[in-house]
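Asks: Got a file for you: coords_34.txt, compact mmCIF, C-alpha atoms and all ligand atoms.
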```txt
# COMPACT_ATOMS: atom_id res chain seq x y z
CA MET Z 1 -18.27 2.38 3.71
CA ALA Z 2 -17.32 2.16 7.38
CA GLU Z 3 -19.59 -0.85 7.97
CA GLN Z 4 -17.56 -3.77 9.37
CA ALA Z 5 -17.64 -7.21 7.73
CA SER Z 6 -18.38 -10.04 10.12
CA ARG Z 7 -16.08 -12.67 8.55
CA SER Z 8 -12.30 -12.68 8.65
CA VAL Z 9 -9.95 -12.34 5.70
CA GLY Z 10 -6.48 -13.64 4.99
CA PRO Z 11 -3.52 -11.67 3.64
CA ILE Z 12 -4.29 -9.02 1.03
CA VAL Z 13 -1.66 -7.49 -1.24
CA LEU Z 14 -2.40 -4.10 -2.82
CA LEU Z 15 -0.33 -3.36 -5.91
CA GLY Z 16 -0.35 -0.16 -7.93
CA SER Z 17 1.82 2.69 -9.09
CA PRO Z 18 2.65 5.65 -6.86
CA GLY Z 19 -0.57 7.64 -6.46
CA ALA Z 20 -2.85 4.80 -7.59
CA GLY Z 21 -4.76 4.97 -4.30
CA LYS Z 22 -3.25 2.04 -2.36
CA GLY Z 23 -3.07 3.96 0.93
CA THR Z 24 -6.57 5.39 0.51
CA GLN Z 25 -8.09 1.97 -0.14
CA ALA Z 26 -5.94 0.13 2.41
CA LYS Z 27 -7.34 2.31 5.21
CA ARG Z 28 -10.90 1.44 4.16
CA ILE Z 29 -10.13 -2.28 3.90
CA ALA Z 30 -8.51 -2.17 7.35
CA GLU Z 31 -11.61 -0.56 8.81
CA ARG Z 32 -14.07 -2.92 7.14
CA TYR Z 33 -12.28 -6.18 7.96
CA GLY Z 34 -10.61 -5.16 11.22
CA ILE Z 35 -7.12 -6.07 10.01
CA PRO Z 36 -3.93 -3.95 10.06
CA GLN Z 37 -2.63 -1.93 7.13
CA ILE Z 38 1.06 -2.60 6.71
CA SER Z 39 2.44 0.15 4.51
CA THR Z 40 6.15 -0.25 3.84
CA GLY Z 41 6.30 3.42 2.84
CA ASP Z 42 4.80 4.51 6.19
CA LEU Z 43 7.06 2.15 8.16
CA LEU Z 44 10.13 3.46 6.34
CA ARG Z 45 9.09 7.10 6.84
CA GLU Z 46 8.63 6.42 10.59
CA ASN Z 47 12.15 5.00 10.69
CA VAL Z 48 13.53 8.00 8.82
CA GLN Z 49 11.78 10.35 11.25
CA ARG Z 50 13.14 8.49 14.29
CA ALA Z 51 16.59 8.29 12.65
CA THR Z 52 16.88 4.55 13.33
CA GLU Z 53 19.66 2.59 11.63
CA LEU Z 54 17.16 1.50 8.97
CA GLY Z 55 15.90 5.08 8.59
CA VAL Z 56 19.41 6.42 8.07
CA GLN Z 57 20.05 3.83 5.35
CA ALA Z 58 16.70 4.45 3.65
CA ARG Z 59 16.48 8.26 3.81
CA ASP Z 60 18.50 9.30 0.76
CA VAL Z 61 17.24 6.42 -1.37
CA MET Z 62 13.63 7.45 -0.68
CA ALA Z 63 14.37 11.12 -1.27
CA ARG Z 64 15.61 10.18 -4.75
CA GLY Z 65 12.47 8.13 -5.45
CA GLU Z 66 14.37 4.85 -5.73
CA LEU Z 67 13.58 1.58 -3.99
CA VAL Z 68 15.14 0.66 -0.65
CA SER Z 69 17.11 -2.61 -0.69
CA ASP Z 70 15.14 -5.85 -0.68
CA THR Z 71 16.95 -7.17 2.38
CA LEU Z 72 16.14 -4.15 4.53
CA VAL Z 73 12.50 -4.08 3.48
CA CYS Z 74 11.92 -7.84 3.80
CA ASP Z 75 13.46 -7.86 7.30
CA MET Z 76 11.22 -4.96 8.30
CA VAL Z 77 8.08 -6.66 6.94
CA GLY Z 78 9.06 -9.99 8.51
CA ASP Z 79 9.29 -8.29 11.93
CA ARG Z 80 5.96 -6.54 11.49
CA LEU Z 81 4.17 -9.75 10.42
CA GLN Z 82 5.11 -11.39 13.74
CA GLY Z 83 2.59 -9.07 15.44
CA GLN Z 84 -0.41 -10.83 16.99
CA ASP Z 85 -2.70 -8.36 15.22
CA CYS Z 86 -1.71 -9.98 11.90
CA LEU Z 87 -3.17 -13.39 12.82
CA PRO Z 88 -6.63 -12.82 11.26
CA GLY Z 89 -5.10 -11.23 8.17
CA PHE Z 90 -3.37 -8.04 7.03
CA ILE Z 91 -3.07 -5.70 4.09
CA LEU Z 92 0.30 -5.17 2.49
CA ASP Z 93 0.34 -1.70 0.93
CA GLY Z 94 3.43 -1.07 -1.20
CA PHE Z 95 4.91 -4.55 -0.75
CA PRO Z 96 6.05 -6.64 -2.62
CA ARG Z 97 7.58 -4.24 -5.12
CA THR Z 98 10.28 -6.38 -6.73
CA ALA Z 99 10.44 -9.96 -7.95
CA ALA Z 100 12.76 -10.78 -5.03
CA GLN Z 101 10.25 -9.38 -2.51
CA ALA Z 102 7.41 -11.38 -4.10
CA GLY Z 103 9.47 -14.57 -3.83
CA TRP Z 104 10.35 -13.76 -0.22
CA LEU Z 105 6.67 -13.19 0.63
CA ASP Z 106 5.57 -16.50 -0.89
CA ALA Z 107 8.22 -18.36 1.09
CA PHE Z 108 7.45 -16.46 4.29
CA LEU Z 109 3.72 -17.13 4.10
CA GLU Z 110 4.22 -20.78 3.27
CA HIS Z 111 6.87 -21.61 5.87
CA GLU Z 112 6.40 -19.13 8.67
CA PHE Z 113 2.93 -17.76 8.54
CA PHE Z 114 0.64 -20.65 7.70
CA ASP Z 115 -0.63 -22.37 10.79
CA ASN Z 116 -3.15 -25.22 10.61
CA SER Z 117 -4.31 -24.72 14.16
CA HIS Z 118 -5.47 -21.21 13.34
CA GLU Z 119 -6.48 -22.13 9.78
CA ARG Z 120 -4.70 -19.07 8.54
CA ARG Z 121 -4.49 -18.62 4.80
CA CYS Z 122 -1.04 -18.58 3.28
CA ARG Z 123 -1.94 -17.39 -0.22
CA PRO Z 124 -2.76 -13.73 -0.45
CA ILE Z 125 -5.42 -12.21 -2.65
CA VAL Z 126 -3.61 -9.71 -4.86
CA ILE Z 127 -5.39 -6.60 -6.10
CA LEU Z 128 -3.85 -4.26 -8.65
CA ILE Z 129 -5.24 -0.72 -8.58
CA ASP Z 130 -4.66 0.47 -12.11
CA VAL Z 131 -4.53 4.17 -13.00
CA ASP Z 132 -3.53 5.93 -16.19
CA TYR Z 133 -0.03 7.46 -16.02
CA ASN Z 134 -1.30 10.99 -16.83
CA GLN Z 135 -3.59 11.11 -13.79
CA LEU Z 136 -0.86 10.12 -11.37
CA LEU Z 137 1.16 13.33 -11.50
CA LEU Z 138 -1.89 15.45 -10.60
CA ARG Z 139 -2.81 13.07 -7.79
CA LEU Z 140 0.65 13.10 -6.26
CA THR Z 141 1.31 16.84 -6.53
CA GLY Z 142 -2.17 17.47 -5.03
CA ARG Z 143 -1.84 15.01 -2.14
CA ARG Z 144 -1.91 16.25 1.45
CA THR Z 145 -1.45 13.92 4.44
CA CYS Z 146 -2.40 14.57 8.05
CA LEU Z 147 0.48 14.66 10.47
CA ALA Z 148 -1.24 12.82 13.31
CA ASN Z 149 -2.76 9.74 11.64
CA GLY Z 150 -1.83 9.79 7.96
CA HIS Z 151 -5.36 10.51 6.66
CA ILE Z 152 -5.08 11.24 2.95
CA TYR Z 153 -6.56 14.21 1.02
CA ASN Z 154 -6.15 15.77 -2.38
CA VAL Z 155 -6.53 19.45 -3.16
CA HIS Z 156 -8.01 18.54 -6.57
CA PHE Z 157 -10.07 15.42 -5.87
CA GLN Z 158 -10.64 15.03 -2.12
CA PRO Z 159 -10.16 18.43 -0.50
CA PRO Z 160 -10.49 18.85 3.28
CA ARG Z 161 -13.37 21.04 4.51
CA GLU Z 162 -10.87 23.60 5.83
CA ASP Z 163 -7.63 24.32 3.95
CA GLU Z 164 -4.62 22.38 5.29
CA VAL Z 165 -6.56 20.91 8.27
CA CYS Z 166 -7.57 17.25 8.68
CA ASP Z 167 -11.39 16.80 8.81
CA LEU Z 168 -11.04 13.79 11.11
CA ASP Z 169 -8.55 14.84 13.78
CA GLY Z 170 -7.91 18.56 13.20
CA SER Z 171 -4.17 18.06 12.69
CA ARG Z 172 -2.11 19.94 10.09
CA LEU Z 173 -1.92 18.60 6.52
CA VAL Z 174 1.53 18.32 4.98
CA ILE Z 175 3.08 17.57 1.59
CA ARG Z 176 5.17 14.42 1.47
CA ASN Z 177 8.88 14.94 0.88
CA ASP Z 178 8.88 12.69 -2.22
CA ASP Z 179 5.84 14.35 -3.86
CA ARG Z 180 8.02 16.77 -5.83
CA GLU Z 181 7.75 16.51 -9.58
CA GLU Z 182 11.32 15.36 -10.29
CA VAL Z 183 11.10 12.66 -7.58
CA ILE Z 184 7.64 11.56 -8.72
CA ARG Z 185 9.03 10.84 -12.18
CA GLU Z 186 11.77 8.70 -10.64
CA ARG Z 187 9.18 6.79 -8.55
CA LEU Z 188 7.02 6.14 -11.60
CA THR Z 189 10.05 4.87 -13.51
CA ALA Z 190 10.98 2.56 -10.63
CA TYR Z 191 7.41 1.24 -10.65
CA GLU Z 192 7.43 0.46 -14.38
CA ARG Z 193 10.86 -1.17 -14.22
CA GLN Z 194 10.74 -3.08 -10.94
CA THR Z 195 7.13 -3.44 -9.79
CA ARG Z 196 5.18 -4.00 -13.03
CA PRO Z 197 6.86 -7.45 -13.34
CA VAL Z 198 5.49 -8.33 -9.87
CA ALA Z 199 1.94 -7.81 -11.18
CA GLU Z 200 2.81 -10.03 -14.14
CA TYR Z 201 4.18 -12.68 -11.75
CA TYR Z 202 0.86 -12.85 -9.87
CA HIS Z 203 -1.11 -12.66 -13.13
CA ARG Z 204 0.69 -15.73 -14.49
CA GLN Z 205 -0.34 -17.61 -11.35
CA GLY Z 206 -3.98 -16.54 -11.76
CA ARG Z 207 -3.84 -14.65 -8.47
CA LEU Z 208 -4.17 -11.08 -9.72
CA PHE Z 209 -7.41 -9.08 -9.73
CA THR Z 210 -7.38 -5.67 -11.36
CA VAL Z 211 -9.57 -2.74 -10.32
CA ASP Z 212 -9.89 0.48 -12.32
CA GLY Z 213 -8.40 3.03 -9.92
CA SER Z 214 -9.33 6.05 -12.04
CA LEU Z 215 -12.95 5.81 -10.88
CA PRO Z 216 -14.20 7.86 -7.91
CA VAL Z 217 -12.80 6.75 -4.54
CA ASP Z 218 -16.06 5.19 -3.25
CA THR Z 219 -16.57 3.25 -6.50
CA VAL Z 220 -13.02 1.89 -6.31
CA THR Z 221 -13.66 0.85 -2.69
CA ALA Z 222 -16.85 -1.00 -3.65
CA LYS Z 223 -14.99 -2.87 -6.40
CA VAL Z 224 -12.11 -3.75 -4.10
CA PHE Z 225 -14.53 -5.18 -1.50
CA GLN Z 226 -16.23 -7.13 -4.29
CA GLU Z 227 -12.92 -8.68 -5.34
CA ILE Z 228 -12.00 -9.57 -1.76
CA GLU Z 229 -15.36 -11.17 -1.03
CA GLY Z 230 -15.94 -12.71 -4.45
CA HIS Z 231 -12.57 -14.21 -5.24
CA GLY Z 232 -11.62 -16.14 -2.18
CA GLY Z 233 -10.24 -13.42 0.05
CA MET Z 234 -12.61 -14.56 2.79
CA ALA Z 235 -11.27 -17.30 5.02
P1 LIG S 1 5.10 4.50 -0.65
O1 LIG S 1 4.81 5.28 0.57
O2 LIG S 1 4.63 3.09 -0.72
O3 LIG S 1 4.60 5.34 -1.87
P2 LIG S 1 4.05 4.92 -3.31
O4 LIG S 1 3.99 3.49 -3.68
O5 LIG S 1 4.82 5.79 -4.21
O6 LIG S 1 2.56 5.17 -3.19
P3 LIG S 1 1.88 6.43 -2.67
O7 LIG S 1 1.79 6.40 -1.18
O8 LIG S 1 2.54 7.66 -3.28
O9 LIG S 1 0.48 6.34 -3.38
P4 LIG S 1 -0.80 5.48 -3.02
O10 LIG S 1 -1.01 4.46 -4.08
O11 LIG S 1 -0.79 5.01 -1.60
O12 LIG S 1 -1.89 6.61 -3.24
P5 LIG S 1 -2.77 7.43 -2.17
O13 LIG S 1 -3.84 6.57 -1.62
O14 LIG S 1 -1.91 8.21 -1.23
O15 LIG S 1 6.68 4.45 -0.91
C1 LIG S 1 7.49 5.60 -0.75
C2 LIG S 1 8.95 5.20 -0.92
O16 LIG S 1 9.32 4.26 0.10
C3 LIG S 1 9.32 4.50 -2.24
O17 LIG S 1 9.57 5.42 -3.26
C4 LIG S 1 10.56 3.69 -1.83
O18 LIG S 1 11.69 4.52 -1.76
C5 LIG S 1 10.21 3.26 -0.41
N1 LIG S 1 9.54 1.94 -0.37
C6 LIG S 1 8.26 1.72 0.06
N2 LIG S 1 7.96 0.41 -0.05
C7 LIG S 1 9.07 -0.20 -0.56
C8 LIG S 1 9.36 -1.54 -0.90
N3 LIG S 1 8.47 -2.52 -0.75
N4 LIG S 1 10.59 -1.81 -1.40
C9 LIG S 1 11.52 -0.83 -1.55
N5 LIG S 1 11.29 0.47 -1.25
C10 LIG S 1 10.07 0.78 -0.74
O19 LIG S 1 -3.47 8.46 -3.21
C11 LIG S 1 -2.70 9.43 -3.90
C12 LIG S 1 -3.54 10.71 -4.05
O20 LIG S 1 -4.62 10.46 -4.94
C13 LIG S 1 -4.17 11.22 -2.74
O21 LIG S 1 -4.12 12.61 -2.72
C14 LIG S 1 -5.63 10.70 -2.79
O22 LIG S 1 -6.50 11.57 -2.12
C15 LIG S 1 -5.88 10.70 -4.30
N6 LIG S 1 -6.77 9.62 -4.72
C16 LIG S 1 -6.77 8.32 -4.30
N7 LIG S 1 -7.72 7.61 -4.94
C17 LIG S 1 -8.33 8.48 -5.79
C18 LIG S 1 -9.39 8.35 -6.74
N8 LIG S 1 -10.01 7.17 -6.95
N9 LIG S 1 -9.76 9.44 -7.44
C19 LIG S 1 -9.13 10.64 -7.25
N10 LIG S 1 -8.13 10.82 -6.37
C20 LIG S 1 -7.72 9.76 -5.65
```
Could you show the structure in this file as structure tokens?
Replies:
Amino acid sequence: MAEQASRSVGPIVLLGSPGAGKGTQAKRIAERYGIPQISTGDLLRENVQRATELGVQARDVMARGELVSDTLVCDMVGDRLQGQDCLPGFILDGFPRTAAQAGWLDAFLEHEFFDNSHERRCRPIVILIDVDYNQLLLRLTGRRTCLANGHIYNVHFQPPREDEVCDLDGSRLVIRNDDREEVIRERLTAYERQTRPVAEYYHRQGRLFTVDGSLPVDTVTAKVFQEIEGHGGMA
């Protein structure tokens, strides 16, 4: 799975409910295609940890499992996409999550990102990782994340070799603050209400590819790569 692809890709959007496996798959895509993973959840958590102005505004909203305001998130993504490392492509993990964010992304890619001289693509390939609601609770309550690099484990499905220790860098594994049952339910409700319509928006435009995320991790990865390489994700 770690084998690197030799051709470049354009923007990739990963959609899916909390716990669908976006972060898990985004890391593998990043490694294979040599492009950055831009996780709005990770960026927001970093801001909360550093107590930046954005972090202070986002902290309580995230703790309740609700969505942070479109303006704050779009500004944050806009800044991140200016990075030179995004030129060959990037993976958006957890963005867009509302109709307003999807509209913002289309406009941003069309007006600010597309560049003929670099032949960069301005239309993302959009992949929905679809998982049955009943599996998600178990996935999220069993998730453990490494403190140093965010490597993802699951006590039920992907346990580390040694309890609470990352296989890859030896750092401590922690439970995310919003992986408590009452917050998880709120996050799943926000997904159904605000993010499901985003998938429908891309579906109507014929830009959505769906992968069954309830399959084993490696099988999901193989299917995601297939979609990227078979449906025009390659530049
Ligand atoms: P965010 O960090 O984006 O969280 P999320 O969308 O709720 O998604 P998760 O990270 O929980 O799940 P995932 O799909 O990445 O699954 P993972 O790979 O970890 O957002 C957090 C908060 O930030 C939001 O609630 C909101 O407040 C705010 N926010 C973020 N973006 C925003 C935006 N755009 N607008 C507004 N607010 C925003 O996998 C889950 C578990 O399952 C792991 O334990 C993993 O090991 C396991 N697993 C993965 N795949 C499989 C498999 N195939 N089989 C078995 N187990 C699997």
Asks: Measuring between all atoms listed in the file, which one of Z:Thr52, Z:Gly23, Z:Asp60, Z:Leu215 shows the shortest distance to Asp93 in chain Z?
Replies: Z:Gly23
Asks: So how many Å separate CA of Arg80 in chain Z and atom C3 of ligand LIG 1 (chain S), to one decimal?
Replies: 17.9 Å
Asks: Any chance you could work out the axis-aligned box around range 218-232 of chain Z, listed atoms only, 6 Å on each side, giving centre and edge lengths in Å to one decimal, as lines of an AutoDock Vina configuration file?
Replies:
```
center_x = -14.2
center_y = -5.5
center_z = -3.8
size_x = 17.2
size_y = 33.3
size_z = 17.5
```
Asks: Excluding same-chain residues fewer than 6 positions from Arg139 in chain Z, what lies within 8 Å of it counting only C-alpha atoms, as a count of residues only?
Replies: 4
Asks: Just want the 6 Å neighbourhood of Ile12 in chain Z, counted on only C-alpha atoms, with same-chain residues fewer than 3 positions away dropped. Output as number ranges by chain.
Replies: Z: 91, 124-126
Asks: Using all atoms listed in the file, find each residue of chain Z with at least one atom at most 7 Å away from an atom of ligand LIG 1 (chain S); report its shortest atom-to-atom pair and that distance in Å (one decimal), sort the rows by chain and rising residue number, and return the result as a Markdown table.
Replies:
```
| residue | atom | partner | partner_atom | distance |
| --- | --- | --- | --- | --- |
| Z:Gly16 | CA | S:LIG1 | O10 | 6.0 |
| Z:Ser17 | CA | S:LIG1 | O4 | 5.9 |
| Z:Pro18 | CA | S:LIG1 | O5 | 3.4 |
| Z:Gly19 | CA | S:LIG1 | O9 | 3.5 |
| Z:Ala20 | CA | S:LIG1 | O10 | 4.0 |
| Z:Gly21 | CA | S:LIG1 | O13 | 3.3 |
| Z:Lys22 | CA | S:LIG1 | O10 | 3.7 |
| Z:Gly23 | CA | S:LIG1 | O11 | 3.6 |
| Z:Thr24 | CA | S:LIG1 | O13 | 3.7 |
| Z:Gln25 | CA | S:LIG1 | O13 | 6.4 |
| Z:Ser39 | CA | S:LIG1 | O2 | 6.4 |
| Z:Thr40 | CA | S:LIG1 | N2 | 4.3 |
| Z:Gly41 | CA | S:LIG1 | O1 | 3.3 |
| Z:Asp42 | CA | S:LIG1 | O1 | 5.7 |
| Z:Leu44 | CA | S:LIG1 | O16 | 6.3 |
| Z:Val61 | CA | S:LIG1 | O18 | 5.9 |
| Z:Met62 | CA | S:LIG1 | O18 | 3.7 |
| Z:Gly65 | CA | S:LIG1 | O17 | 4.5 |
| Z:Glu66 | CA | S:LIG1 | O18 | 4.8 |
| Z:Leu67 | CA | S:LIG1 | N5 | 3.7 |
| Z:Val68 | CA | S:LIG1 | N5 | 3.9 |
| Z:Ser69 | CA | S:LIG1 | C9 | 5.9 |
| Z:Asp70 | CA | S:LIG1 | N4 | 6.1 |
| Z:Val73 | CA | S:LIG1 | N4 | 5.7 |
| Z:Asp93 | CA | S:LIG1 | O2 | 6.6 |
| Z:Gly94 | CA | S:LIG1 | O2 | 4.4 |
| Z:Phe95 | CA | S:LIG1 | N3 | 4.1 |
| Z:Pro96 | CA | S:LIG1 | N3 | 5.1 |
| Z:Arg97 | CA | S:LIG1 | N3 | 4.8 |
| Z:Arg139 | CA | S:LIG1 | O20 | 4.3 |
| Z:Leu140 | CA | S:LIG1 | C12 | 5.3 |
| Z:Gly142 | CA | S:LIG1 | O21 | 5.7 |
| Z:Arg143 | CA | S:LIG1 | O21 | 3.4 |
| Z:Arg144 | CA | S:LIG1 | O21 | 6.0 |
| Z:Ile152 | CA | S:LIG1 | O22 | 5.3 |
| Z:Tyr153 | CA | S:LIG1 | O22 | 4.1 |
| Z:Asn154 | CA | S:LIG1 | O21 | 3.8 |
| Z:Phe157 | CA | S:LIG1 | N10 | 5.0 |
| Z:Gln158 | CA | S:LIG1 | O22 | 5.4 |
| Z:Arg187 | CA | S:LIG1 | O17 | 5.5 |
| Z:Gly213 | CA | S:LIG1 | N8 | 5.3 |
| Z:Ser214 | CA | S:LIG1 | N8 | 5.3 |
| Z:Leu215 | CA | S:LIG1 | N8 | 5.1 |
| Z:Pro216 | CA | S:LIG1 | N8 | 4.4 |
| Z:Val217 | CA | S:LIG1 | N8 | 3.7 |
| Z:Val220 | CA | S:LIG1 | N8 | 6.1 |
```
Asks: Nearest to Leu43 in chain Z: which of Z:Ala30, Z:Leu14, Z:Leu92, Z:Leu87 is it, counting all atoms listed in the file?
Replies: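 The closest residue to Leu43 in chain Z is Z:Leu92.
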Asks: Point out the residue among Z:Arg50, Z:Arg185, Z:Arg28, Z:Arg204 with the least atom-to-atom distance to Val224 in chain Z, counting only C-alpha atoms.
Replies: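 Selected residue with least distance to Val224 in chain Z: Z:Arg28.
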Asks: To one decimal place in Å, what is the distance between CA of Gly89 in chain Z and CA of Phe209 in chain Z?
Replies: 18.2 Å
Asks: From the options Z:Tyr133, Z:Leu147, Z:Ala107, Z:Asp75, which residue's atoms come nearest to Thr189 in chain Z, counting only C-alpha atoms?
Replies: Z:Tyr133
Asks: Quick one: residues within 9 Å of Val211 in chain Z, all atoms listed in the file, excluding same-chain residues fewer than 4 positions away - as a ChimeraX atom specification?
Replies: /Z:127-131,220,223-224,227
Asks: Could you check the closest approach to Val165 in chain Z for each of Z:Pro197, Z:Thr98, Z:Asn177, Z:His151 and tell me which residue wins, using all atoms listed in the file?
Replies: Z:His151
Asks: Find, counting only C-alpha atoms, the residue in Z:Leu136, Z:Glu162, Z:Val13, Z:Arg64 that gets nearest to Leu105 in chain Z.
Replies: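 Going through Z:Leu136, Z:Glu162, Z:Val13, Z:Arg64 one by one, the smallest distance to Leu105 in chain Z is for Z:Val13.
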Asks: Any idea what the distance is between CA of Glu182 in chain Z and CA of Gln135 in chain Z?
Replies: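 Result for CA of Glu182 in chain Z versus CA of Gln135 in chain Z: 15.9 Å, one decimal.
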